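Participant: What follows is the file run02.csv, containing CSV, C-alpha atoms and all ligand atoms:
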chain,number,residue,atom,x,y,z
A,8,MET,CA,-4.3,9.4,23.0
A,9,ALA,CA,-2.9,6.6,20.8
A,10,SER,CA,-4.6,6.0,17.5
A,11,ASP,CA,-5.2,3.1,15.3
A,12,ALA,CA,-7.1,5.2,12.7
A,13,ARG,CA,-5.8,5.4,9.1
A,14,VAL,CA,-7.3,8.8,8.4
A,15,ILE,CA,-6.6,12.0,10.4
A,16,VAL,CA,-8.6,15.2,10.1
A,17,TYR,CA,-6.6,18.3,10.9
A,18,GLY,CA,-8.9,21.2,11.8
A,19,ALA,CA,-11.6,18.8,13.0
A,20,THR,CA,-13.4,21.3,15.2
A,21,GLY,CA,-14.1,23.9,12.5
A,22,TYR,CA,-17.4,24.1,10.7
A,23,THR,CA,-16.3,22.0,7.7
A,24,GLY,CA,-14.0,19.7,9.8
A,25,ARG,CA,-17.0,18.6,11.8
A,26,LEU,CA,-19.0,17.8,8.6
A,27,ILE,CA,-16.1,15.7,7.4
A,28,CYS,CA,-15.8,13.8,10.7
A,29,GLU,CA,-19.6,13.2,10.6
A,30,GLU,CA,-19.2,11.8,7.1
A,31,LEU,CA,-16.3,9.5,8.1
A,32,LYS,CA,-18.4,8.3,11.0
A,33,ARG,CA,-21.4,7.7,8.7
A,34,ARG,CA,-19.1,5.7,6.4
A,35,SER,CA,-17.5,3.7,9.3
A,36,VAL,CA,-14.0,4.9,8.3
A,37,PRO,CA,-11.9,4.8,11.5
A,38,PHE,CA,-10.4,8.3,11.9
A,39,ALA,CA,-8.5,10.5,14.3
A,40,MET,CA,-8.9,14.2,15.0
A,41,ALA,CA,-6.2,16.8,15.3
A,42,GLY,CA,-6.3,20.6,15.9
A,43,ARG,CA,-4.9,23.3,18.0
A,44,ASN,CA,-7.2,23.1,21.1
A,45,LEU,CA,-7.4,19.9,23.1
A,46,ALA,CA,-10.5,20.9,25.1
A,47,ARG,CA,-12.4,21.7,21.9
A,48,LEU,CA,-11.4,18.5,20.3
A,49,GLU,CA,-12.4,16.4,23.3
A,50,ALA,CA,-15.8,18.2,23.6
A,51,TYR,CA,-16.5,17.7,20.0
A,52,ASN,CA,-15.6,14.0,20.2
A,53,LYS,CA,-18.1,13.6,23.0
A,54,GLU,CA,-20.8,15.2,20.8
A,55,LEU,CA,-19.8,12.6,18.1
A,56,GLY,CA,-20.3,9.8,20.6
A,57,GLY,CA,-16.5,9.2,20.9
A,58,ALA,CA,-16.2,8.2,17.2
A,59,ALA,CA,-12.7,9.5,16.9
A,60,ARG,CA,-10.0,6.8,17.6
A,61,GLY,CA,-7.4,9.3,18.6
A,62,ILE,CA,-7.2,13.0,19.5
A,63,SER,CA,-4.1,15.2,19.1
A,64,ALA,CA,-3.6,18.8,20.0
A,65,VAL,CA,-0.6,19.9,17.9
A,66,PRO,CA,1.4,23.1,17.4
A,67,HIS,CA,1.3,24.2,13.8
A,68,THR,CA,4.9,23.4,12.9
A,69,VAL,CA,6.1,20.9,10.2
A,70,ALA,CA,7.9,18.8,12.8
A,71,ASP,CA,5.0,18.5,15.1
A,72,LEU,CA,2.4,17.9,12.4
A,73,THR,CA,4.7,15.2,10.8
A,74,ARG,CA,4.9,13.4,14.2
A,75,VAL,CA,1.2,13.4,14.6
A,76,PHE,CA,0.4,12.4,11.0
A,77,ARG,CA,3.0,9.5,11.0
A,78,GLY,CA,1.3,6.1,11.1
A,79,HIS,CA,-1.8,7.4,9.2
A,80,GLU,CA,-2.5,6.9,5.5
A,81,VAL,CA,-4.6,10.0,4.7
A,82,VAL,CA,-4.5,13.5,6.1
A,83,ILE,CA,-7.5,15.7,5.5
A,84,ASN,CA,-6.6,19.3,6.1
A,85,VAL,CA,-9.4,21.8,6.9
A,86,THR,CA,-7.4,24.5,8.6
A,87,GLY,CA,-7.8,27.8,6.7
A,88,PRO,CA,-6.9,30.2,5.4
A,89,PHE,CA,-4.7,28.0,3.4
A,90,GLY,CA,-2.4,30.7,2.1
A,91,LEU,CA,-1.4,31.2,5.7
A,92,LEU,CA,-1.5,27.7,7.1
A,93,GLY,CA,-1.5,25.2,4.3
A,94,GLU,CA,2.0,24.6,3.1
A,95,SER,CA,3.3,23.3,6.4
A,96,VAL,CA,0.5,20.8,6.4
A,97,VAL,CA,1.2,19.5,2.9
A,98,LYS,CA,4.9,19.2,3.7
A,99,ALA,CA,4.2,17.4,6.9
A,100,ALA,CA,1.7,15.0,5.2
A,101,LEU,CA,4.2,14.0,2.6
A,102,ASP,CA,7.1,13.8,5.1
A,103,ALA,CA,4.9,11.3,7.0
A,104,ASN,CA,4.2,9.5,3.8
A,105,CYS,CA,0.5,10.2,3.8
A,106,HIS,CA,-2.0,11.0,1.0
A,107,TYR,CA,-3.3,14.5,1.4
A,108,LEU,CA,-6.8,16.1,0.8
A,109,ASP,CA,-7.9,19.6,1.6
A,110,THR,CA,-10.8,22.0,1.1
A,111,THR,CA,-9.0,25.1,-0.1
A,112,GLY,CA,-10.7,27.5,-2.6
A,113,GLU,CA,-7.5,29.6,-2.9
A,114,GLN,CA,-6.0,29.3,-6.4
A,115,ASP,CA,-2.6,30.9,-5.4
A,116,PHE,CA,-2.1,28.3,-2.7
A,117,MET,CA,-3.1,25.5,-5.2
A,118,LEU,CA,-0.5,26.8,-7.7
A,119,ALA,CA,2.2,26.9,-5.0
A,120,VAL,CA,1.4,23.3,-4.0
A,121,LYS,CA,1.5,22.1,-7.6
A,122,GLU,CA,4.9,23.8,-8.1
A,123,ARG,CA,6.5,22.9,-4.8
A,124,PHE,CA,5.2,19.4,-4.1
A,125,GLY,CA,4.2,18.0,-7.5
A,126,ARG,CA,7.4,16.1,-8.0
A,127,GLN,CA,7.7,14.9,-4.5
A,128,ALA,CA,4.1,13.5,-4.4
A,129,GLU,CA,4.7,11.6,-7.7
A,130,GLU,CA,8.0,10.2,-6.4
A,131,LYS,CA,6.4,9.0,-3.2
A,132,LYS,CA,3.4,7.8,-5.1
A,133,ARG,CA,1.1,9.9,-2.9
A,134,VAL,CA,-2.1,11.7,-4.0
A,135,VAL,CA,-2.4,15.4,-3.1
A,136,VAL,CA,-5.8,16.8,-3.9
A,137,ASN,CA,-6.3,20.5,-3.1
A,138,ALA,CA,-9.9,21.8,-3.3
A,139,ASN,CA,-11.5,18.4,-2.7
A,140,SER,CA,-14.6,20.5,-1.9
A,141,TRP,CA,-17.4,22.5,-3.4
A,142,TYR,CA,-15.0,24.9,-5.0
A,143,PHE,CA,-13.7,23.3,-7.3
A,144,GLY,CA,-14.8,19.7,-7.3
A,145,PRO,CA,-18.1,19.9,-9.1
A,146,GLY,CA,-16.8,22.2,-11.9
A,147,GLU,CA,-13.8,20.0,-12.5
A,148,ALA,CA,-16.0,16.9,-12.6
A,149,ALA,CA,-18.5,18.5,-15.0
A,150,ALA,CA,-15.7,19.7,-17.4
A,151,HIS,CA,-13.9,16.3,-17.4
A,152,TYR,CA,-17.3,14.5,-18.0
A,153,LEU,CA,-17.9,16.7,-21.0
A,154,ARG,CA,-14.4,16.2,-22.3
A,155,GLN,CA,-14.7,12.4,-22.0
A,156,ARG,CA,-18.0,12.3,-23.9
A,157,PHE,CA,-17.1,15.0,-26.5
A,158,PRO,CA,-13.3,15.0,-26.9
A,159,HIS,CA,-13.4,17.7,-29.6
A,160,LEU,CA,-14.4,20.4,-27.2
A,161,ASP,CA,-11.4,22.6,-26.4
A,162,THR,CA,-12.7,25.7,-24.7
A,163,TYR,CA,-14.5,25.6,-21.3
A,164,ASN,CA,-16.4,28.2,-19.3
A,165,ILE,CA,-17.2,27.0,-15.8
A,166,VAL,CA,-19.7,28.9,-13.7
A,167,TYR,CA,-20.4,28.7,-9.9
A,168,CYS,CA,-23.7,30.2,-8.7
A,169,PRO,CA,-23.6,30.0,-4.9
A,170,LEU,CA,-26.1,30.9,-2.3
A,171,GLY,CA,-25.5,30.9,1.5
A,172,THR,CA,-23.3,32.4,4.1
A,173,PRO,CA,-19.5,31.6,4.3
A,174,THR,CA,-17.9,30.5,7.5
A,175,ILE,CA,-15.2,32.5,9.4
A,176,ALA,CA,-12.2,30.9,7.6
A,177,SER,CA,-14.0,30.9,4.3
A,178,THR,CA,-14.5,34.7,4.6
A,179,GLN,CA,-10.8,35.0,5.5
A,180,SER,CA,-9.9,32.9,2.5
A,181,LEU,CA,-12.2,35.0,0.2
A,182,LEU,CA,-10.5,38.3,1.3
A,183,ARG,CA,-7.1,36.8,0.5
A,184,VAL,CA,-8.3,35.6,-2.9
A,185,ALA,CA,-9.9,39.0,-3.6
A,186,ARG,CA,-6.6,41.0,-3.4
A,187,ARG,CA,-4.7,38.6,-5.7
A,188,PRO,CA,-5.0,38.7,-9.5
A,189,GLY,CA,-5.8,35.0,-10.2
A,190,PHE,CA,-5.3,33.2,-13.4
A,191,SER,CA,-7.2,31.7,-16.3
A,192,TRP,CA,-6.0,29.2,-18.9
A,193,ILE,CA,-5.9,31.0,-22.2
A,194,GLU,CA,-4.5,29.4,-25.4
A,195,GLY,CA,-2.5,26.8,-23.5
A,196,LYS,CA,-1.0,29.3,-20.9
A,197,LEU,CA,-1.8,30.6,-17.5
A,198,GLU,CA,-2.7,34.3,-18.0
A,199,PRO,CA,-3.5,36.7,-15.2
A,200,ASN,CA,-7.1,37.8,-15.0
A,201,ARG,CA,-7.2,41.5,-15.8
A,202,GLY,CA,-9.7,43.6,-13.9
A,203,LEU,CA,-13.1,42.3,-13.0
A,204,ALA,CA,-14.9,41.2,-16.1
A,205,ASP,CA,-18.4,42.8,-16.2
A,206,VAL,CA,-20.4,40.0,-17.7
A,207,SER,CA,-23.8,38.4,-17.2
A,208,ILE,CA,-24.5,34.7,-17.5
A,209,GLN,CA,-27.6,32.9,-18.4
A,210,VAL,CA,-28.1,29.9,-16.2
A,211,PRO,CA,-30.1,27.1,-18.0
A,212,GLY,CA,-33.6,26.9,-16.7
A,213,GLU,CA,-33.6,30.4,-15.2
A,214,VAL,CA,-35.5,33.4,-16.6
A,215,LEU,CA,-33.1,36.2,-15.6
A,216,SER,CA,-29.4,36.3,-16.3
A,217,LYS,CA,-27.0,36.8,-13.4
A,218,PRO,CA,-24.1,39.3,-13.1
A,219,ALA,CA,-20.8,37.5,-13.0
A,220,PHE,CA,-17.1,38.0,-12.8
A,221,LEU,CA,-14.0,36.0,-13.7
A,222,MET,CA,-12.6,34.3,-10.7
A,223,PRO,CA,-9.4,32.3,-9.9
A,224,GLY,CA,-10.6,28.8,-10.4
A,225,GLY,CA,-8.8,25.5,-9.6
A,226,GLU,CA,-10.0,24.2,-12.9
A,227,ALA,CA,-7.6,26.6,-14.6
A,228,LEU,CA,-4.7,24.7,-13.0
A,229,HIS,CA,-5.8,21.0,-13.1
A,230,PHE,CA,-8.5,20.4,-15.8
A,231,ALA,CA,-6.5,22.8,-18.0
A,232,SER,CA,-3.5,20.5,-18.0
A,233,GLU,CA,-5.4,17.8,-19.8
A,234,PRO,CA,-4.3,17.3,-23.4
A,235,GLY,CA,-6.2,19.4,-26.0
A,236,VAL,CA,-7.7,21.8,-23.5
A,237,ARG,CA,-7.0,25.3,-24.9
A,238,ASN,CA,-9.0,27.7,-22.7
A,239,VAL,CA,-10.5,27.4,-19.2
A,240,ARG,CA,-12.2,30.4,-17.6
A,241,VAL,CA,-14.1,30.1,-14.2
A,242,TYR,CA,-16.8,32.6,-13.2
A,243,MET,CA,-18.9,33.3,-10.2
A,244,ALA,CA,-22.4,34.4,-11.0
A,245,SER,CA,-24.8,35.8,-8.4
A,246,GLU,CA,-27.1,38.7,-7.7
A,247,LEU,CA,-24.6,39.7,-5.1
A,248,VAL,CA,-21.8,40.1,-7.6
A,249,PRO,CA,-22.1,44.0,-7.9
A,250,ARG,CA,-21.8,44.3,-4.2
A,251,PHE,CA,-18.9,41.9,-4.1
A,252,VAL,CA,-17.1,43.7,-6.9
A,253,ARG,CA,-17.4,47.0,-5.0
A,254,LEU,CA,-15.8,45.3,-2.0
A,255,VAL,CA,-13.0,43.7,-4.1
A,256,ARG,CA,-12.2,47.2,-5.6
A,257,ILE,CA,-11.9,48.7,-2.2
A,258,TRP,CA,-9.8,45.8,-0.9
A,259,THR,CA,-7.5,45.9,-4.0
A,260,ALA,CA,-7.0,49.7,-3.5
A,261,LEU,CA,-6.2,49.1,0.2
A,262,SER,CA,-3.8,46.3,-0.9
A,263,LYS,CA,-1.8,48.9,-2.9
A,264,VAL,CA,-1.2,50.8,0.4
A,265,PHE,CA,-0.8,48.0,2.9
A,266,GLY,CA,0.6,45.2,0.8
A,267,ASP,CA,0.7,41.8,2.5
A,268,LEU,CA,-0.1,43.4,5.8
A,269,LEU,CA,-3.7,43.4,4.6
A,270,ASP,CA,-3.9,39.6,5.0
A,271,PRO,CA,-3.5,39.5,8.8
A,272,LEU,CA,-5.6,42.7,9.1
A,273,GLY,CA,-8.4,41.0,7.1
A,274,ASP,CA,-8.1,37.8,9.1
A,275,ARG,CA,-8.5,39.9,12.3
A,276,LEU,CA,-11.4,42.0,11.0
A,277,VAL,CA,-13.3,38.8,10.1
A,278,LEU,CA,-12.7,37.3,13.6
A,279,TRP,CA,-14.1,40.5,15.1
A,280,PHE,CA,-17.2,40.9,12.9
A,281,TRP,CA,-18.1,37.5,11.4
A,282,LYS,CA,-20.0,34.7,13.0
A,283,THR,CA,-20.1,31.0,12.3
A,284,PRO,CA,-23.3,30.4,10.3
A,285,PRO,CA,-25.9,27.9,11.4
A,286,PRO,CA,-26.2,24.5,9.8
A,287,GLU,CA,-27.0,24.8,6.1
A,288,ASP,CA,-30.7,25.0,5.2
A,289,PRO,CA,-31.3,23.4,1.8
A,290,ALA,CA,-33.8,26.1,0.8
A,291,GLN,CA,-31.3,28.9,1.5
A,292,THR,CA,-28.2,27.3,0.0
A,293,ARG,CA,-29.3,26.1,-3.4
A,294,PHE,CA,-26.6,26.3,-6.0
A,295,VAL,CA,-26.0,25.8,-9.7
A,296,VAL,CA,-22.6,24.8,-11.2
A,297,MET,CA,-22.1,24.5,-14.9
A,298,ALA,CA,-19.4,23.7,-17.4
A,299,ALA,CA,-19.9,24.8,-21.0
A,300,GLY,CA,-17.5,23.1,-23.4
A,301,GLU,CA,-17.1,24.6,-26.9
A,302,SER,CA,-15.3,24.0,-30.1
A,303,GLU,CA,-15.8,25.6,-33.5
A,304,GLY,CA,-19.5,25.3,-34.3
A,305,ASP,CA,-20.4,23.2,-31.3
A,306,ARG,CA,-21.3,23.6,-27.6
A,307,LYS,CA,-22.3,21.2,-24.8
A,308,ILE,CA,-23.2,22.1,-21.3
A,309,CYS,CA,-23.2,20.0,-18.1
A,310,VAL,CA,-25.3,21.6,-15.4
A,311,LEU,CA,-25.4,20.6,-11.7
A,312,TYR,CA,-28.2,21.6,-9.4
A,313,GLY,CA,-27.9,21.1,-5.6
A,314,SER,CA,-27.8,22.6,-2.2
A,315,ARG,CA,-25.6,22.8,0.9
A,316,PRO,CA,-22.0,23.3,-0.4
A,317,TYR,CA,-20.4,22.7,3.0
A,318,VAL,CA,-22.2,19.4,3.5
A,319,ILE,CA,-21.1,18.4,0.0
A,320,THR,CA,-17.5,19.2,0.9
A,321,GLY,CA,-17.9,16.9,3.9
A,322,VAL,CA,-19.2,14.1,1.7
A,323,LEU,CA,-16.5,14.6,-0.9
A,324,CYS,CA,-13.8,14.4,1.7
A,325,GLY,CA,-15.2,11.3,3.5
A,326,TRP,CA,-15.7,9.5,0.2
A,327,ALA,CA,-12.2,10.5,-1.2
A,328,ALA,CA,-10.5,9.3,2.0
A,329,GLN,CA,-12.3,5.9,1.7
A,330,ARG,CA,-11.3,5.6,-2.0
A,331,LEU,CA,-7.6,6.3,-1.0
A,332,LEU,CA,-7.7,3.7,1.7
A,333,ALA,CA,-9.1,1.2,-0.9
A,334,GLY,CA,-6.3,2.1,-3.3
A,335,ALA,CA,-9.0,3.2,-5.8
A,336,HIS,CA,-7.2,6.3,-7.0
A,337,LYS,CA,-6.4,6.5,-10.7
A,338,ARG,CA,-3.3,8.7,-10.6
A,339,VAL,CA,-0.7,10.1,-8.1
A,340,GLY,CA,0.8,13.6,-7.7
A,341,VAL,CA,-0.9,16.9,-7.2
A,342,ILE,CA,-4.2,16.5,-9.0
A,343,SER,CA,-7.9,17.3,-8.8
A,344,THR,CA,-10.7,15.2,-7.4
A,345,ALA,CA,-11.9,14.1,-10.9
A,346,GLN,CA,-8.3,13.3,-11.9
A,347,ALA,CA,-7.8,11.2,-8.7
A,348,PHE,CA,-11.1,9.4,-8.6
A,349,GLY,CA,-12.8,9.8,-12.0
A,350,ALA,CA,-15.3,12.4,-13.3
A,351,GLU,CA,-18.3,10.0,-13.5
A,352,GLU,CA,-17.5,8.7,-10.0
A,353,THR,CA,-17.4,12.2,-8.6
A,354,LEU,CA,-20.7,13.1,-10.3
A,355,GLU,CA,-22.2,10.0,-8.9
A,356,ILE,CA,-21.2,10.8,-5.3
A,357,LEU,CA,-22.5,14.3,-5.8
A,358,ARG,CA,-25.8,12.8,-7.0
A,359,GLU,CA,-25.9,10.6,-3.9
A,360,ALA,CA,-25.5,13.8,-1.9
A,361,GLY,CA,-28.5,15.4,-3.6
A,362,THR,CA,-26.8,17.1,-6.6
A,363,SER,CA,-28.4,16.2,-9.9
A,364,HIS,CA,-26.8,16.8,-13.3
A,365,ARG,CA,-27.8,16.9,-16.9
A,366,VAL,CA,-26.1,17.5,-20.2
A,367,ILE,CA,-27.6,19.9,-22.7
A,368,GLU,CA,-26.5,19.1,-26.2
B,401,LIG,N1,-13.5,25.2,-1.4
B,401,LIG,C1,-14.6,25.1,-0.7
B,401,LIG,O1,-15.7,24.9,-1.3
B,401,LIG,C2,-14.6,25.1,0.8
B,401,LIG,C3,-15.7,24.5,1.5
B,401,LIG,C4,-15.5,24.4,2.9
B,401,LIG,C5,-14.4,25.0,3.5
B,401,LIG,N2,-13.5,25.6,2.8
B,401,LIG,C6,-12.2,26.2,3.4
B,401,LIG,O2,-11.8,25.4,4.4
B,401,LIG,C7,-11.2,26.2,5.4
B,401,LIG,C8,-11.9,25.9,6.8
B,401,LIG,O3,-13.2,26.2,6.7
B,401,LIG,P1,-14.3,26.1,7.9
B,401,LIG,O4,-15.6,26.3,7.3
B,401,LIG,O5,-14.0,24.9,8.7
B,401,LIG,O6,-13.9,27.4,8.8
B,401,LIG,P2,-13.9,27.6,10.3
B,401,LIG,O7,-15.2,27.0,10.9
B,401,LIG,O8,-13.6,29.0,10.6
B,401,LIG,O9,-12.7,26.7,10.9
B,401,LIG,C9,-11.4,27.0,10.6
B,401,LIG,C10,-10.5,25.8,11.1
B,401,LIG,O10,-9.1,26.2,11.0
B,401,LIG,C11,-8.5,26.1,12.3
B,401,LIG,N3,-7.5,27.1,12.5
B,401,LIG,C12,-7.6,28.4,12.3
B,401,LIG,N4,-6.5,29.1,12.6
B,401,LIG,C13,-5.6,28.1,13.0
B,401,LIG,C14,-4.2,28.1,13.4
B,401,LIG,N5,-3.6,29.3,13.5
B,401,LIG,N6,-3.6,26.9,13.7
B,401,LIG,C15,-4.3,25.8,13.6
B,401,LIG,N7,-5.6,25.7,13.2
B,401,LIG,C16,-6.2,26.8,12.9
B,401,LIG,C17,-9.7,26.2,13.3
B,401,LIG,O11,-9.3,25.6,14.5
B,401,LIG,P3,-10.3,25.9,15.8
B,401,LIG,O12,-11.5,25.0,15.7
B,401,LIG,O13,-9.4,25.5,16.9
B,401,LIG,O14,-10.7,27.3,15.8
B,401,LIG,C18,-10.8,25.5,12.6
B,401,LIG,O15,-10.6,24.1,12.7
B,401,LIG,C19,-11.4,27.6,5.0
B,401,LIG,O16,-10.2,28.1,4.4
B,401,LIG,C20,-12.5,27.5,3.9
B,401,LIG,O17,-12.4,28.5,2.9
B,401,LIG,C21,-13.6,25.6,1.4
Would it be possible to restate this file's structure as structure tokens?
Ligand SMILES: NC(=O)c1ccc[n+]([C@@H]2O[C@H](COP(=O)([O-])OP(=O)(O)OC[C@H]3O[C@@H](n4cnc5c(N)ncnc54)[C@H](OP(=O)(O)O)[C@@H]3O)[C@@H](O)[C@H]2O)c1

Facilitator:
Amino acid sequence: MASDARVIVYGATGYTGRLICEELKRRSVPFAMAGRNLARLEAYNKELGGAARGISAVPHTVADLTRVFRGHEVVINVTGPFGLLGESVVKAALDANCHYLDTTGEQDFMLAVKERFGRQAEEKKRVVVNANSWYFGPGEAAAHYLRQRFPHLDTYNIVYCPLGTPTIASTQSLLRVARRPGFSWIEGKLEPNRGLADVSIQVPGEVLSKPAFLMPGGEALHFASEPGVRNVRVYMASELVPRFVRLVRIWTALSKVFGDLLDPLGDRLVLWFWKTPPPEDPAQTRFVVMAAGESEGDRKICVLYGSRPYVITGVLCGWAAQRLLAGAHKRVGVISTAQAFGAEETLEILREAGTSHRVIE
């Protein structure tokens, strides 16, 4: 089908791809859909009332993807796990001269994209935003917001407190992340996270503290590159952390035996045993994200309260695509959501999507 759409969603028939298409439709942004299965794409477009201006089933090769992306301005990539599928899509998007947004939560993939495509994106004046999603959009925005208001803060701890059930590809991504060390930004350098820090975190407004561990956050790559930022650590805090840590320990031990073979094995296990969750229920998917900025003798905290992280990912992608079409981006290159579109603007769109924030001084 020929397309006059300026945005193309690759992976449109997945759980998050659908939320993004719905958001684009809600915003009246003309878009096309791409994916690996024509029948699924056509059936979904029918459900959407034929909102997509074009549909392409495409083999996952750089040449085929480039051909399908050409003529569009923005590619939104929602095919995961990104460590397996992502690089070809970034390459194809840039080869087709498009801006690129994705929803990854995989820090190693983000690092590879920054290293391999950073220069090319800048030369072509294209924006590449990895993790234009719940992980790690809100944490980045909160940290940037604090830094803008209190430029003396130089050390940041960012905490994600999630609730809810991950989708199939999210679970595959989580298993890939779990067997890789991950990095934090320590004294101006990327340092590998050693072991699983056994800490507990007090979330403002909650009575009990939550068990937490150091995770490979996108903020340690992007926000950390801002001048004057010395330390960035990202944590996940949840009652489920002890169980998750046990799983990570088993997975890391297996990784020593099976090496990279564990990735496809994990993908397959998830496909056998995991099910796509139902639409997010706000009561079951409440989250808190916070960024605590410190300097000698001072601390400020920006806390966000919201629900439905997957819906928020859809909103962030629809909004970011619209900003790119309007030429409203602030920088080019491989950058974060807040760097591309502004911290206050990102917090505002999160607020519209039901996520409130407050600063504790
Ligand atoms: N960072 C965050 O906060 C955040 C939020 C949401 C999603 N995500 C990430 O986004 C990715 C997608 O998530 P999801 O919720 O949409 O998962 P999902 O429902 O399992 O969908 C996975 C998508 O990837 C496509 N896909 C899988 N293998 C493929 C292959 N070999 N070739 C081409 N396409 C392939 C699927 O196509 P079919 O429809 O044809 O099966 C589907 O569109 C995951 O990596 C997830 O971690 C991250």

Participant: Enumerate as a ChimeraX atom specification the residues within 6 Å of ligand LIG 401 (chain B), counting all atoms listed in the file.

Facilitator: /A:18-24,42-44,67,85-89,110-112,138,140-142,174-177,180,317,320

Participant: Write out as a list of chain:residue names which residues come within 9 Å of Gly224 (chain A) when counting only C-alpha atoms, dropping same-chain ones fewer than 2 positions away.

Facilitator: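 These residues fall inside the cut-off: A:Gly112, A:Glu113, A:Gln114, A:Tyr142, A:Phe143, A:Ile165, A:Gly189, A:Phe190, A:Ser191, A:Leu221, A:Met222, A:Glu226, A:Ala227, A:Leu228, A:Val239, A:Arg240, A:Val241, A:Tyr242.
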
Participant: Is there a way to get, as a compact mmCIF listing (two decimals) with C-alpha atoms, in the frame of the given file, all residues within 9 Å of the point (0.2, 15.4, -12.5) in file coordinates, counting only C-alpha atoms?

Facilitator:
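The result, written out as out.txt:
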# COMPACT_ATOMS: atom_id res chain seq x y z
CA LYS A 121 1.50 22.10 -7.60
CA GLY A 125 4.20 18.00 -7.50
CA ARG A 126 7.40 16.10 -8.00
CA GLU A 129 4.70 11.60 -7.70
CA HIS A 229 -5.80 21.00 -13.10
CA SER A 232 -3.50 20.50 -18.00
CA ARG A 338 -3.30 8.70 -10.60
CA VAL A 339 -0.70 10.10 -8.10
CA GLY A 340 0.80 13.60 -7.70
CA VAL A 341 -0.90 16.90 -7.20
CA ILE A 342 -4.20 16.50 -9.00
CA GLN A 346 -8.30 13.30 -11.90

Participant: Taking only C-alpha atoms into account, which of A:Ala103, A:Arg186, A:Lys131, A:Glu351 comes nearest Leu268 (chain A)?

Facilitator: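 Of A:Ala103, A:Arg186, A:Lys131, A:Glu351, the one nearest Leu268 (chain A) is A:Arg186, counting only C-alpha atoms.
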
Participant: Could you give me, as a PyMOL selection string, the residues within 12 Å of Thr259 (chain A), counting all atoms listed in the file and dropping anything in the same chain fewer than 4 positions from it?

Facilitator: chain A and resi 182-188+202-203+252-255+263-267+269-270

Participant: When you draw a straight line from CA of Val295 (chain A) to CA of Pro173 (chain A), how long is it in Å?

Facilitator: 16.5 Å
